[in-house]
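Have a look at coords_20.pdb; it's PDB, C-alpha atoms:
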```
ATOM      1  CA  MET A   1      60.454-110.356  14.499
ATOM      2  CA  SER A   2      63.636-110.603  12.460
ATOM      3  CA  PHE A   3      65.031-112.568   9.598
ATOM      4  CA  SER A   4      67.521-114.728  11.394
ATOM      5  CA  GLY A   5      70.059-115.997   8.906
ATOM      6  CA  GLU A   6      68.677-114.157   5.899
ATOM      7  CA  SER A   7      68.654-110.765   7.591
ATOM      8  CA  LYS A   8      72.402-110.629   7.676
ATOM      9  CA  GLY A   9      72.353-111.009   3.941
ATOM     10  CA  PHE A  10      69.815-108.235   3.413
ATOM     11  CA  ILE A  11      71.487-105.690   5.616
ATOM     12  CA  ASN A  12      74.781-106.459   3.919
ATOM     13  CA  TYR A  13      73.288-105.605   0.544
ATOM     14  CA  VAL A  14      72.204-102.268   1.904
ATOM     15  CA  TYR A  15      75.581-101.596   3.529
ATOM     16  CA  GLU A  16      77.209-102.487   0.256
ATOM     17  CA  ARG A  17      75.387 -99.614  -1.410
ATOM     18  CA  TYR A  18      76.431 -97.416   1.455
ATOM     19  CA  SER A  19      80.127 -98.216   1.139
ATOM     20  CA  ASN A  20      80.053 -98.139  -2.686
ATOM     21  CA  LEU A  21      78.616 -94.685  -2.636
ATOM     22  CA  ARG A  22      81.224 -93.429  -0.168
ATOM     23  CA  VAL A  23      78.832 -91.645   2.074
ATOM     24  CA  LYS A  24      80.058 -91.391   5.627
ATOM     25  CA  ASP A  25      77.888 -90.566   8.629
ATOM     26  CA  ILE A  26      74.861 -92.735   9.247
ATOM     27  CA  SER A  27      71.873 -90.778  10.542
ATOM     28  CA  VAL A  28      69.454 -93.666  10.858
ATOM     29  CA  VAL A  29      69.477 -97.365  10.199
ATOM     30  CA  PHE A  30      66.426 -99.505  10.823
ATOM     31  CA  GLU A  31      65.246-102.956   9.964
ATOM     32  CA  GLY A  32      61.756-104.196  10.698
ATOM     33  CA  GLN A  33      58.174-103.806   9.787
ATOM     34  CA  ILE A  34      57.620-100.364   8.266
ATOM     35  CA  THR A  35      54.256 -99.358   9.624
ATOM     36  CA  HIS A  36      52.856 -95.851   9.371
ATOM     37  CA  GLN A  37      53.876 -95.228  12.981
ATOM     38  CA  VAL A  38      57.436 -96.434  12.305
ATOM     39  CA  MET A  39      57.600 -94.164   9.246
ATOM     40  CA  LYS A  40      56.586 -91.200  11.385
ATOM     41  CA  ALA A  41      59.051 -92.089  14.128
ATOM     42  CA  LEU A  42      61.992 -92.461  11.719
ATOM     43  CA  THR A  43      61.249 -89.292   9.756
ATOM     44  CA  GLY A  44      60.713 -87.433  13.027
ATOM     45  CA  LEU A  45      64.050 -88.658  14.308
ATOM     46  CA  VAL A  46      65.909 -87.455  11.223
ATOM     47  CA  GLU A  47      64.033 -84.157  11.280
ATOM     48  CA  GLU A  48      65.121 -83.641  14.864
ATOM     49  CA  GLN A  49      68.742 -84.467  14.035
ATOM     50  CA  LEU A  50      68.828 -82.072  11.096
ATOM     51  CA  ASP A  51      66.860 -79.221  12.609
ATOM     52  CA  ASP A  52      69.068 -76.150  13.160
ATOM     53  CA  VAL A  53      72.158 -77.843  11.705
ATOM     54  CA  GLU A  54      70.997 -78.402   8.151
ATOM     55  CA  ASP A  55      69.663 -76.055   5.505
ATOM     56  CA  ASP A  56      65.836 -76.038   5.674
ATOM     57  CA  ARG A  57      65.463 -76.938   2.038
ATOM     58  CA  VAL A  58      67.775 -79.942   2.345
ATOM     59  CA  MET A  59      66.000 -81.024   5.505
ATOM     60  CA  ARG A  60      62.583 -80.837   3.874
ATOM     61  CA  ARG A  61      63.802 -82.860   0.905
ATOM     62  CA  VAL A  62      65.379 -85.560   3.060
ATOM     63  CA  PHE A  63      62.148 -85.725   5.044
ATOM     64  CA  HIS A  64      60.058 -85.983   1.872
ATOM     65  CA  VAL A  65      62.270 -88.670   0.298
ATOM     66  CA  MET A  66      62.059 -90.690   3.521
ATOM     67  CA  VAL A  67      58.283 -90.362   3.696
ATOM     68  CA  GLU A  68      57.837 -91.458   0.091
ATOM     69  CA  SER A  69      60.349 -94.315   0.250
ATOM     70  CA  LEU A  70      58.958 -95.655   3.518
ATOM     71  CA  GLN A  71      55.348 -95.324   2.385
ATOM     72  CA  ASN A  72      56.268 -97.310  -0.711
ATOM     73  CA  ILE A  73      57.504-100.097   1.545
ATOM     74  CA  ASN A  74      54.502 -99.806   3.802
ATOM     75  CA  ARG A  75      52.192-100.202   0.796
ATOM     76  CA  HIS A  76      54.076-102.569  -1.420
ATOM     77  CA  ALA A  77      56.474-104.741   0.570
ATOM     78  CA  GLU A  78      55.433-108.331   0.130
ATOM     79  CA  SER A  79      55.146-110.777   2.935
ATOM     80  CA  TYR A  80      57.973-113.208   2.822
ATOM     81  CA  GLU A  81      58.188-116.755   3.978
ATOM     82  CA  TYR A  82      61.426-118.208   5.168
ATOM     83  CA  ARG A  83      61.625-121.815   6.357
ATOM     84  CA  GLY A  84      57.907-121.804   6.907
ATOM     85  CA  HIS A  85      57.879-118.560   8.946
ATOM     86  CA  PRO A  86      55.970-115.609   7.472
ATOM     87  CA  TYR A  87      57.553-112.143   7.649
ATOM     88  CA  PRO A  88      55.032-109.471   6.755
ATOM     89  CA  GLY A  89      56.083-106.248   5.000
ATOM     90  CA  VAL A  90      59.562-106.030   6.430
ATOM     91  CA  GLY A  91      62.010-103.445   5.182
ATOM     92  CA  LEU A  92      65.305-101.760   5.795
ATOM     93  CA  VAL A  93      66.203 -98.105   5.712
ATOM     94  CA  LEU A  94      69.540 -96.371   5.930
ATOM     95  CA  VAL A  95      70.001 -92.617   5.896
ATOM     96  CA  ALA A  96      73.582 -91.414   5.581
ATOM     97  CA  LYS A  97      75.423 -88.293   4.601
ATOM     98  CA  ASN A  98      78.794 -86.891   3.637
ATOM     99  CA  LYS A  99      79.879 -83.332   2.884
ATOM    100  CA  GLU A 100      78.119 -83.182  -0.453
ATOM    101  CA  ARG A 101      74.973 -85.230  -0.066
ATOM    102  CA  PHE A 102      72.438 -87.245   1.840
ATOM    103  CA  GLN A 103      71.486 -90.712   0.744
ATOM    104  CA  VAL A 104      68.331 -92.543   1.643
ATOM    105  CA  THR A 105      68.499 -96.262   0.917
ATOM    106  CA  THR A 106      65.622 -98.638   1.428
ATOM    107  CA  GLY A 107      65.358-102.369   0.893
ATOM    108  CA  ASN A 108      62.337-104.590   0.804
ATOM    109  CA  ILE A 109      60.971-107.797  -0.582
ATOM    110  CA  ILE A 110      58.971-107.675  -3.779
ATOM    111  CA  GLU A 111      57.563-110.371  -6.031
ATOM    112  CA  THR A 112      60.217-111.400  -8.555
ATOM    113  CA  GLY A 113      57.617-110.899 -11.273
ATOM    114  CA  HIS A 114      57.432-107.166 -10.467
ATOM    115  CA  ALA A 115      61.173-106.498 -10.674
ATOM    116  CA  GLU A 116      61.286-105.918 -14.403
ATOM    117  CA  GLU A 117      58.366-103.495 -14.348
ATOM    118  CA  ILE A 118      59.942-101.464 -11.516
ATOM    119  CA  SER A 119      63.317-101.505 -13.238
ATOM    120  CA  LEU A 120      61.861-100.242 -16.525
ATOM    121  CA  PHE A 121      59.910 -97.513 -14.785
ATOM    122  CA  LEU A 122      62.871 -96.239 -12.728
ATOM    123  CA  GLY A 123      65.161 -96.447 -15.765
ATOM    124  CA  LYS A 124      62.664 -94.402 -17.736
ATOM    125  CA  LEU A 125      62.529 -91.749 -14.986
ATOM    126  CA  ASN A 126      66.336 -91.553 -14.934
ATOM    127  CA  ASN A 127      66.377 -90.748 -18.649
ATOM    128  CA  MET A 128      63.801 -87.969 -18.443
ATOM    129  CA  ASP A 129      64.551 -84.260 -18.173
ATOM    130  CA  SER A 130      62.983 -82.007 -15.607
ATOM    131  CA  ASP A 131      60.124 -80.725 -17.807
ATOM    132  CA  SER A 132      59.087 -84.225 -18.865
ATOM    133  CA  LEU A 133      59.167 -85.344 -15.235
ATOM    134  CA  ASP A 134      56.854 -82.471 -14.282
ATOM    135  CA  ASP A 135      54.523 -83.428 -17.125
ATOM    136  CA  LEU A 136      54.528 -87.076 -16.116
ATOM    137  CA  TYR A 137      53.813 -86.176 -12.500
ATOM    138  CA  LYS A 138      50.844 -84.057 -13.518
ATOM    139  CA  GLN A 139      49.581 -86.744 -15.864
ATOM    140  CA  GLN A 140      49.801 -89.388 -13.144
ATOM    141  CA  MET A 141      48.028 -87.107 -10.709
ATOM    142  CA  ARG A 142      45.198 -86.631 -13.181
ATOM    143  CA  GLU A 143      44.902 -90.119 -14.589
ATOM    144  CA  GLY A 144      46.963 -92.389 -12.391
ATOM    145  CA  ILE A 145      45.053 -95.274 -10.977
ATOM    146  CA  MET A 146      45.739 -95.402  -7.303
ATOM    147  CA  SER A 147      45.577 -98.592  -5.301
ATOM    148  CA  PRO A 148      43.267 -98.508  -2.261
ATOM    149  CA  LYS A 149      46.315 -97.592  -0.201
ATOM    150  CA  GLY A 150      47.468 -94.799  -2.494
ATOM    151  CA  GLY A 151      50.442 -94.791  -4.803
ATOM    152  CA  ALA A 152      50.365 -94.558  -8.614
ATOM    153  CA  GLY A 153      54.135 -94.260  -8.904
ATOM    154  CA  LEU A 154      53.955 -90.630  -7.832
ATOM    155  CA  GLY A 155      56.517 -91.176  -5.082
ATOM    156  CA  PHE A 156      59.263 -92.332  -7.440
ATOM    157  CA  ILE A 157      58.548 -89.566  -9.968
ATOM    158  CA  ASP A 158      58.539 -86.915  -7.288
ATOM    159  CA  ILE A 159      61.784 -88.113  -5.680
ATOM    160  CA  ARG A 160      63.435 -88.073  -9.079
ATOM    161  CA  ARG A 161      62.273 -84.570  -9.963
ATOM    162  CA  LYS A 162      62.713 -82.961  -6.543
ATOM    163  CA  THR A 163      66.218 -84.302  -5.951
ATOM    164  CA  GLY A 164      67.274 -83.824  -9.588
ATOM    165  CA  ASN A 165      69.509 -86.872  -9.178
ATOM    166  CA  PRO A 166      69.252 -90.272 -10.854
ATOM    167  CA  LEU A 167      67.628 -93.005  -8.819
ATOM    168  CA  ASP A 168      69.926 -95.854  -7.917
ATOM    169  CA  PHE A 169      68.362 -99.306  -7.702
ATOM    170  CA  SER A 170      69.214-102.962  -7.780
ATOM    171  CA  PHE A 171      67.583-106.325  -7.288
ATOM    172  CA  VAL A 172      68.800-109.430  -5.506
ATOM    173  CA  LYS A 173      66.829-112.483  -6.504
ATOM    174  CA  ILE A 174      66.150-114.708  -3.509
ATOM    175  CA  ASP A 175      64.128-117.345  -5.350
ATOM    176  CA  GLU A 176      61.582-117.648  -8.146
ATOM    177  CA  GLU A 177      58.942-115.751  -6.187
ATOM    178  CA  THR A 178      60.890-113.334  -4.029
ATOM    179  CA  THR A 179      63.385-110.594  -4.835
ATOM    180  CA  PHE A 180      65.057-108.049  -2.583
ATOM    181  CA  PHE A 181      64.725-104.528  -4.005
ATOM    182  CA  ILE A 182      67.287-101.886  -3.018
ATOM    183  CA  PHE A 183      66.552 -98.255  -3.784
ATOM    184  CA  THR A 184      68.765 -95.223  -3.148
ATOM    185  CA  SER A 185      67.903 -91.541  -3.512
ATOM    186  CA  THR A 186      70.518 -88.805  -3.368
ATOM    187  CA  ILE A 187      69.852 -85.316  -2.053
ATOM    188  CA  ALA A 188      72.529 -82.653  -2.597
ATOM    189  CA  ARG A 189      73.450 -80.628   0.504
TER     190      ARG A 189
ATOM    191  CA  MET B   1      24.887 -76.460   5.513
ATOM    192  CA  GLU B   2      26.601 -77.858   8.574
ATOM    193  CA  ALA B   3      30.275 -76.934   8.891
ATOM    194  CA  LEU B   4      32.988 -79.576   8.624
ATOM    195  CA  ARG B   5      35.791 -79.238  11.117
ATOM    196  CA  ILE B   6      38.648 -81.696  11.354
ATOM    197  CA  GLN B   7      41.298 -81.259  14.020
ATOM    198  CA  GLN B   8      44.929 -81.229  13.011
ATOM    199  CA  THR B   9      47.070 -84.245  13.956
ATOM    200  CA  ASP B  10      50.781 -84.913  13.479
ATOM    201  CA  ASP B  11      50.078 -86.420  10.037
ATOM    202  CA  SER B  12      46.880 -84.766   8.863
ATOM    203  CA  PRO B  13      45.857 -81.155   8.359
ATOM    204  CA  GLU B  14      43.239 -79.037  10.040
ATOM    205  CA  VAL B  15      40.205 -78.628   7.836
ATOM    206  CA  ILE B  16      37.559 -75.954   8.276
ATOM    207  CA  LEU B  17      34.722 -75.811   5.772
ATOM    208  CA  ASP B  18      32.199 -73.377   7.155
ATOM    209  CA  GLN B  19      29.696 -71.721   4.864
ATOM    210  CA  GLU B  20      28.054 -69.570   7.559
ATOM    211  CA  GLY B  21      31.366 -68.426   8.993
ATOM    212  CA  ASN B  22      32.685 -67.912   5.450
ATOM    213  CA  CYS B  23      35.848 -69.865   6.226
ATOM    214  CA  PHE B  24      37.287 -72.505   3.921
ATOM    215  CA  GLU B  25      40.724 -73.603   4.982
ATOM    216  CA  ILE B  26      43.113 -76.546   4.908
ATOM    217  CA  SER B  27      46.287 -76.108   6.941
ATOM    218  CA  GLY B  28      49.104 -78.137   8.449
ATOM    219  CA  LYS B  29      50.816 -81.336   7.371
ATOM    220  CA  SER B  30      49.274 -83.951   5.120
ATOM    221  CA  LEU B  31      50.675 -87.458   5.111
ATOM    222  CA  PRO B  32      47.864 -89.546   6.571
ATOM    223  CA  GLU B  33      48.076 -93.323   6.527
ATOM    224  CA  ASP B  34      44.981 -93.543   4.353
ATOM    225  CA  VAL B  35      44.495 -90.458   2.191
ATOM    226  CA  PHE B  36      41.130 -91.635   0.871
ATOM    227  CA  GLN B  37      39.699 -92.124   4.328
ATOM    228  CA  PHE B  38      40.967 -88.717   5.391
ATOM    229  CA  TYR B  39      39.882 -86.709   2.337
ATOM    230  CA  GLN B  40      36.585 -88.423   1.509
ATOM    231  CA  PRO B  41      34.542 -86.322   3.980
ATOM    232  CA  VAL B  42      36.220 -83.188   2.591
ATOM    233  CA  LEU B  43      35.331 -84.119  -0.995
ATOM    234  CA  ASP B  44      31.804 -85.116   0.057
ATOM    235  CA  TRP B  45      31.293 -81.807   1.839
ATOM    236  CA  LEU B  46      32.536 -79.770  -1.118
ATOM    237  CA  ASN B  47      30.436 -81.748  -3.600
ATOM    238  CA  GLU B  48      27.378 -81.039  -1.483
ATOM    239  CA  TYR B  49      28.332 -77.360  -1.059
ATOM    240  CA  ARG B  50      28.841 -77.056  -4.810
ATOM    241  CA  LYS B  51      25.107 -77.592  -5.381
ATOM    242  CA  LYS B  52      24.266 -74.369  -3.518
ATOM    243  CA  PRO B  53      27.445 -72.374  -2.904
ATOM    244  CA  LYS B  54      27.946 -68.763  -1.945
ATOM    245  CA  PRO B  55      28.415 -66.413  -4.902
ATOM    246  CA  PHE B  56      32.099 -66.252  -4.050
ATOM    247  CA  THR B  57      34.257 -68.868  -2.292
ATOM    248  CA  ARG B  58      37.877 -68.472  -1.254
ATOM    249  CA  LEU B  59      39.747 -71.604  -0.207
ATOM    250  CA  ASP B  60      42.907 -71.048   1.820
ATOM    251  CA  ILE B  61      45.507 -73.795   1.500
ATOM    252  CA  LYS B  62      48.309 -73.392   3.991
ATOM    253  CA  LEU B  63      50.171 -76.671   4.057
ATOM    254  CA  SER B  64      53.672 -76.978   5.469
ATOM    255  CA  TYR B  65      54.009 -80.451   3.946
ATOM    256  CA  PHE B  66      52.061 -82.888   1.819
ATOM    257  CA  ASN B  67      53.090 -86.270   0.451
ATOM    258  CA  THR B  68      52.474 -87.439  -3.103
ATOM    259  CA  ALA B  69      49.410 -89.475  -2.150
ATOM    260  CA  SER B  70      47.858 -86.295  -0.727
ATOM    261  CA  SER B  71      48.804 -84.335  -3.852
ATOM    262  CA  LYS B  72      46.294 -86.329  -5.881
ATOM    263  CA  LEU B  73      43.516 -85.624  -3.383
ATOM    264  CA  ILE B  74      44.366 -81.914  -3.273
ATOM    265  CA  LEU B  75      43.907 -81.916  -7.044
ATOM    266  CA  ASP B  76      40.509 -83.569  -6.573
ATOM    267  CA  ILE B  77      39.529 -80.731  -4.220
ATOM    268  CA  LEU B  78      40.678 -78.100  -6.698
ATOM    269  CA  MET B  79      38.719 -79.814  -9.458
ATOM    270  CA  ILE B  80      35.527 -79.349  -7.477
ATOM    271  CA  LEU B  81      36.289 -75.622  -7.323
ATOM    272  CA  GLU B  82      36.907 -75.678 -11.049
ATOM    273  CA  GLU B  83      33.454 -77.178 -11.582
ATOM    274  CA  MET B  84      31.967 -74.455  -9.377
ATOM    275  CA  LYS B  85      33.652 -71.863 -11.558
ATOM    276  CA  GLU B  86      32.309 -73.522 -14.699
ATOM    277  CA  GLU B  87      28.879 -73.319 -13.109
ATOM    278  CA  GLY B  88      29.256 -69.551 -12.868
ATOM    279  CA  LYS B  89      30.378 -69.150  -9.253
ATOM    280  CA  GLY B  90      33.282 -67.035  -8.075
ATOM    281  CA  VAL B  91      36.186 -69.040  -6.676
ATOM    282  CA  LEU B  92      39.702 -68.263  -5.552
ATOM    283  CA  VAL B  93      42.461 -70.409  -4.103
ATOM    284  CA  LYS B  94      44.842 -68.648  -1.787
ATOM    285  CA  TRP B  95      47.988 -70.747  -1.680
ATOM    286  CA  PHE B  96      50.247 -70.073   1.287
ATOM    287  CA  SER B  97      53.877 -71.212   1.394
ATOM    288  CA  LEU B  98      56.674 -70.715   3.825
ATOM    289  CA  ALA B  99      58.886 -67.989   2.330
ATOM    290  CA  SER B 100      61.901 -70.324   2.275
ATOM    291  CA  ASP B 101      59.977 -73.289   0.844
ATOM    292  CA  GLU B 102      60.471 -73.067  -2.906
ATOM    293  CA  ASP B 103      59.089 -76.557  -3.456
ATOM    294  CA  MET B 104      55.772 -75.561  -1.853
ATOM    295  CA  GLN B 105      55.628 -72.374  -3.924
ATOM    296  CA  GLU B 106      56.325 -74.410  -7.044
ATOM    297  CA  ALA B 107      53.600 -76.876  -6.079
ATOM    298  CA  GLY B 108      51.129 -73.986  -5.939
ATOM    299  CA  ARG B 109      52.130 -72.823  -9.400
ATOM    300  CA  GLU B 110      51.846 -76.371 -10.685
ATOM    301  CA  TYR B 111      48.280 -76.706  -9.413
ATOM    302  CA  GLN B 112      47.438 -73.341 -10.891
ATOM    303  CA  ASP B 113      48.528 -74.691 -14.300
ATOM    304  CA  MET B 114      46.418 -77.792 -13.886
ATOM    305  CA  VAL B 115      43.030 -76.326 -13.049
ATOM    306  CA  ASP B 116      41.063 -73.402 -14.400
ATOM    307  CA  VAL B 117      40.741 -71.646 -11.042
ATOM    308  CA  PRO B 118      42.223 -68.264 -10.079
ATOM    309  CA  PHE B 119      45.113 -68.511  -7.630
ATOM    310  CA  GLU B 120      46.673 -66.014  -5.312
ATOM    311  CA  HIS B 121      50.075 -66.893  -3.882
ATOM    312  CA  ALA B 122      51.207 -65.715  -0.494
ATOM    313  CA  THR B 123      54.244 -66.430   1.647
ATOM    314  CA  TYR B 124      54.679 -66.405   5.391
ATOM    315  CA  ASP B 125      57.696 -66.527   7.667
ATOM    316  CA  LYS B 126      58.332 -69.122  10.309
ATOM    317  CA  LEU B 127      56.397 -68.486  13.485
TER     318      LEU B 127
END
```
Would you put the structure from the file into structure tokens?
Amino acid sequence: MSFSGESKGFINYVYERYSNLRVKDISVVFEGQITHQVMKALTGLVEEQLDDVEDDRVMRRVFHVMVESLQNINRHAESYEYRGHPYPGVGLVLVAKNKERFQVTTGNIIETGHAEEISLFLGKLNNMDSDSLDDLYKQQMREGIMSPKGGAGLGFIDIRRKTGNPLDFSFVKIDEETTFFIFTSTIAR
Amino acid sequence: MEALRIQQTDDSPEVILDQEGNCFEISGKSLPEDVFQFYQPVLDWLNEYRKKPKPFTRLDIKLSYFNTASSKLILDILMILEEMKEEGKGVLVKWFSLASDEDMQEAGREYQDMVDVPFEHATYDKL
């Protein structure tokens, strides 16, 4: 299943981030339904590529950021209807690196109504220092209400605190109901 | 009490909760598709055990990876041990990390801060 027509647009948005951020080698690029099995296959693939050539700590962080980003899509990507065809939980992922860093970019459809909430939350995380991020993580672990599939925002908080880098995000409004959400994490090498 | 044994898979840890064998251990990777489904039997077992535990219980946690969804459930497990301690039982968590895995070591210290349970930290080298 693919987004004919629209898909070109979506992947271009993701590539745009990639070229803006001047990262060079692509490790993985994938578009499709992000199931649990797909998440495991993609993280396994990157793990295999990095094993023995990359510092263990960097490899573990790239793996973790991929797991969290892809599980977010798996849990939260909205189904999307285009010209009467439903596209369930589809997402994009691009993992790329240059000399200094790895970048993990994901893109998925969300409800337009959720964009502001996500934007405020990620903006808040970007403005927090490391101690406050640790405190927030612990607080969310204790009190956070998890959806039946997990979550509670822990993934975003943990990516932010483990990578130490600001989260990069943007939204492309498709229509009143649907928005494409692009999210990039940076891991120093 | 009947032992709980869960085999390790590529996304879920091995769990051994065995009162008679005096072995309480969680080891491997934890990123199951549904953390609640995976951990519910573990929490149920521990809540049952808590009613009539041994005078001293040591839980070994030797995870090479866990995702954030699992982190919440690990806290739930530790909170059961905390309750056991409050009820006058001896408990200890032995937290194992790969020597090179600072994030895992830090995670152990973070849990130690969050619950009133004695921790012992240990490192191991790659097999």
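In chain B, the set of residues within 7 Å of chain A (atoms considered: all atoms listed in the file) is Glu33, Asp34, Thr68, Ala69, Lys72 and Asp101 of chain B.
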Just-selected residues, C-alpha atoms written as a compact mmCIF listing (two decimals), in the coordinates of the input:
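Result saved to selection15.txt:
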```
# COMPACT_ATOMS: atom_id res chain seq x y z
CA GLU B 33 48.08 -93.32 6.53
CA ASP B 34 44.98 -93.54 4.35
CA THR B 68 52.47 -87.44 -3.10
CA ALA B 69 49.41 -89.48 -2.15
CA LYS B 72 46.29 -86.33 -5.88
CA ASP B 101 59.98 -73.29 0.84
```
- Answer key for the PyMOL selection byres ((chain B and resi 96) around 8), residues as number ranges by chain: B: 60-63, 94-95, 97-98, 105, 121-124
- Task: Decode the PyMOL selection byres ((chain A and resi 31) around 6) for the given file into explicit residues and return them as a PyMOL selection string.
- Result: chain A and resi 30+32+91-92
Writing out the chosen residues with C-alpha atoms as an mmCIF file, keeping the file's coordinate frame:
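Done, and the output landed in again36.cif:
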```cif
data_model
loop_
_atom_site.group_PDB
_atom_site.id
_atom_site.type_symbol
_atom_site.label_atom_id
_atom_site.label_comp_id
_atom_site.auth_asym_id
_atom_site.auth_seq_id
_atom_site.Cartn_x
_atom_site.Cartn_y
_atom_site.Cartn_z
ATOM 1 C CA PHE A 30 66.426 -99.505 10.823
ATOM 2 C CA GLY A 32 61.756 -104.196 10.698
ATOM 3 C CA GLY A 91 62.010 -103.445 5.182
ATOM 4 C CA LEU A 92 65.305 -101.760 5.795
#
```
- For the atom pair atom CA of A:Asp131 and atom CA of A:Ala188, what is the interatomic distance in Å to one decimal place? 19.7 Å
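Atom to atom, atom CA of B:Ile77 and atom CA of B:Met104 stand 17.2 Å apart.
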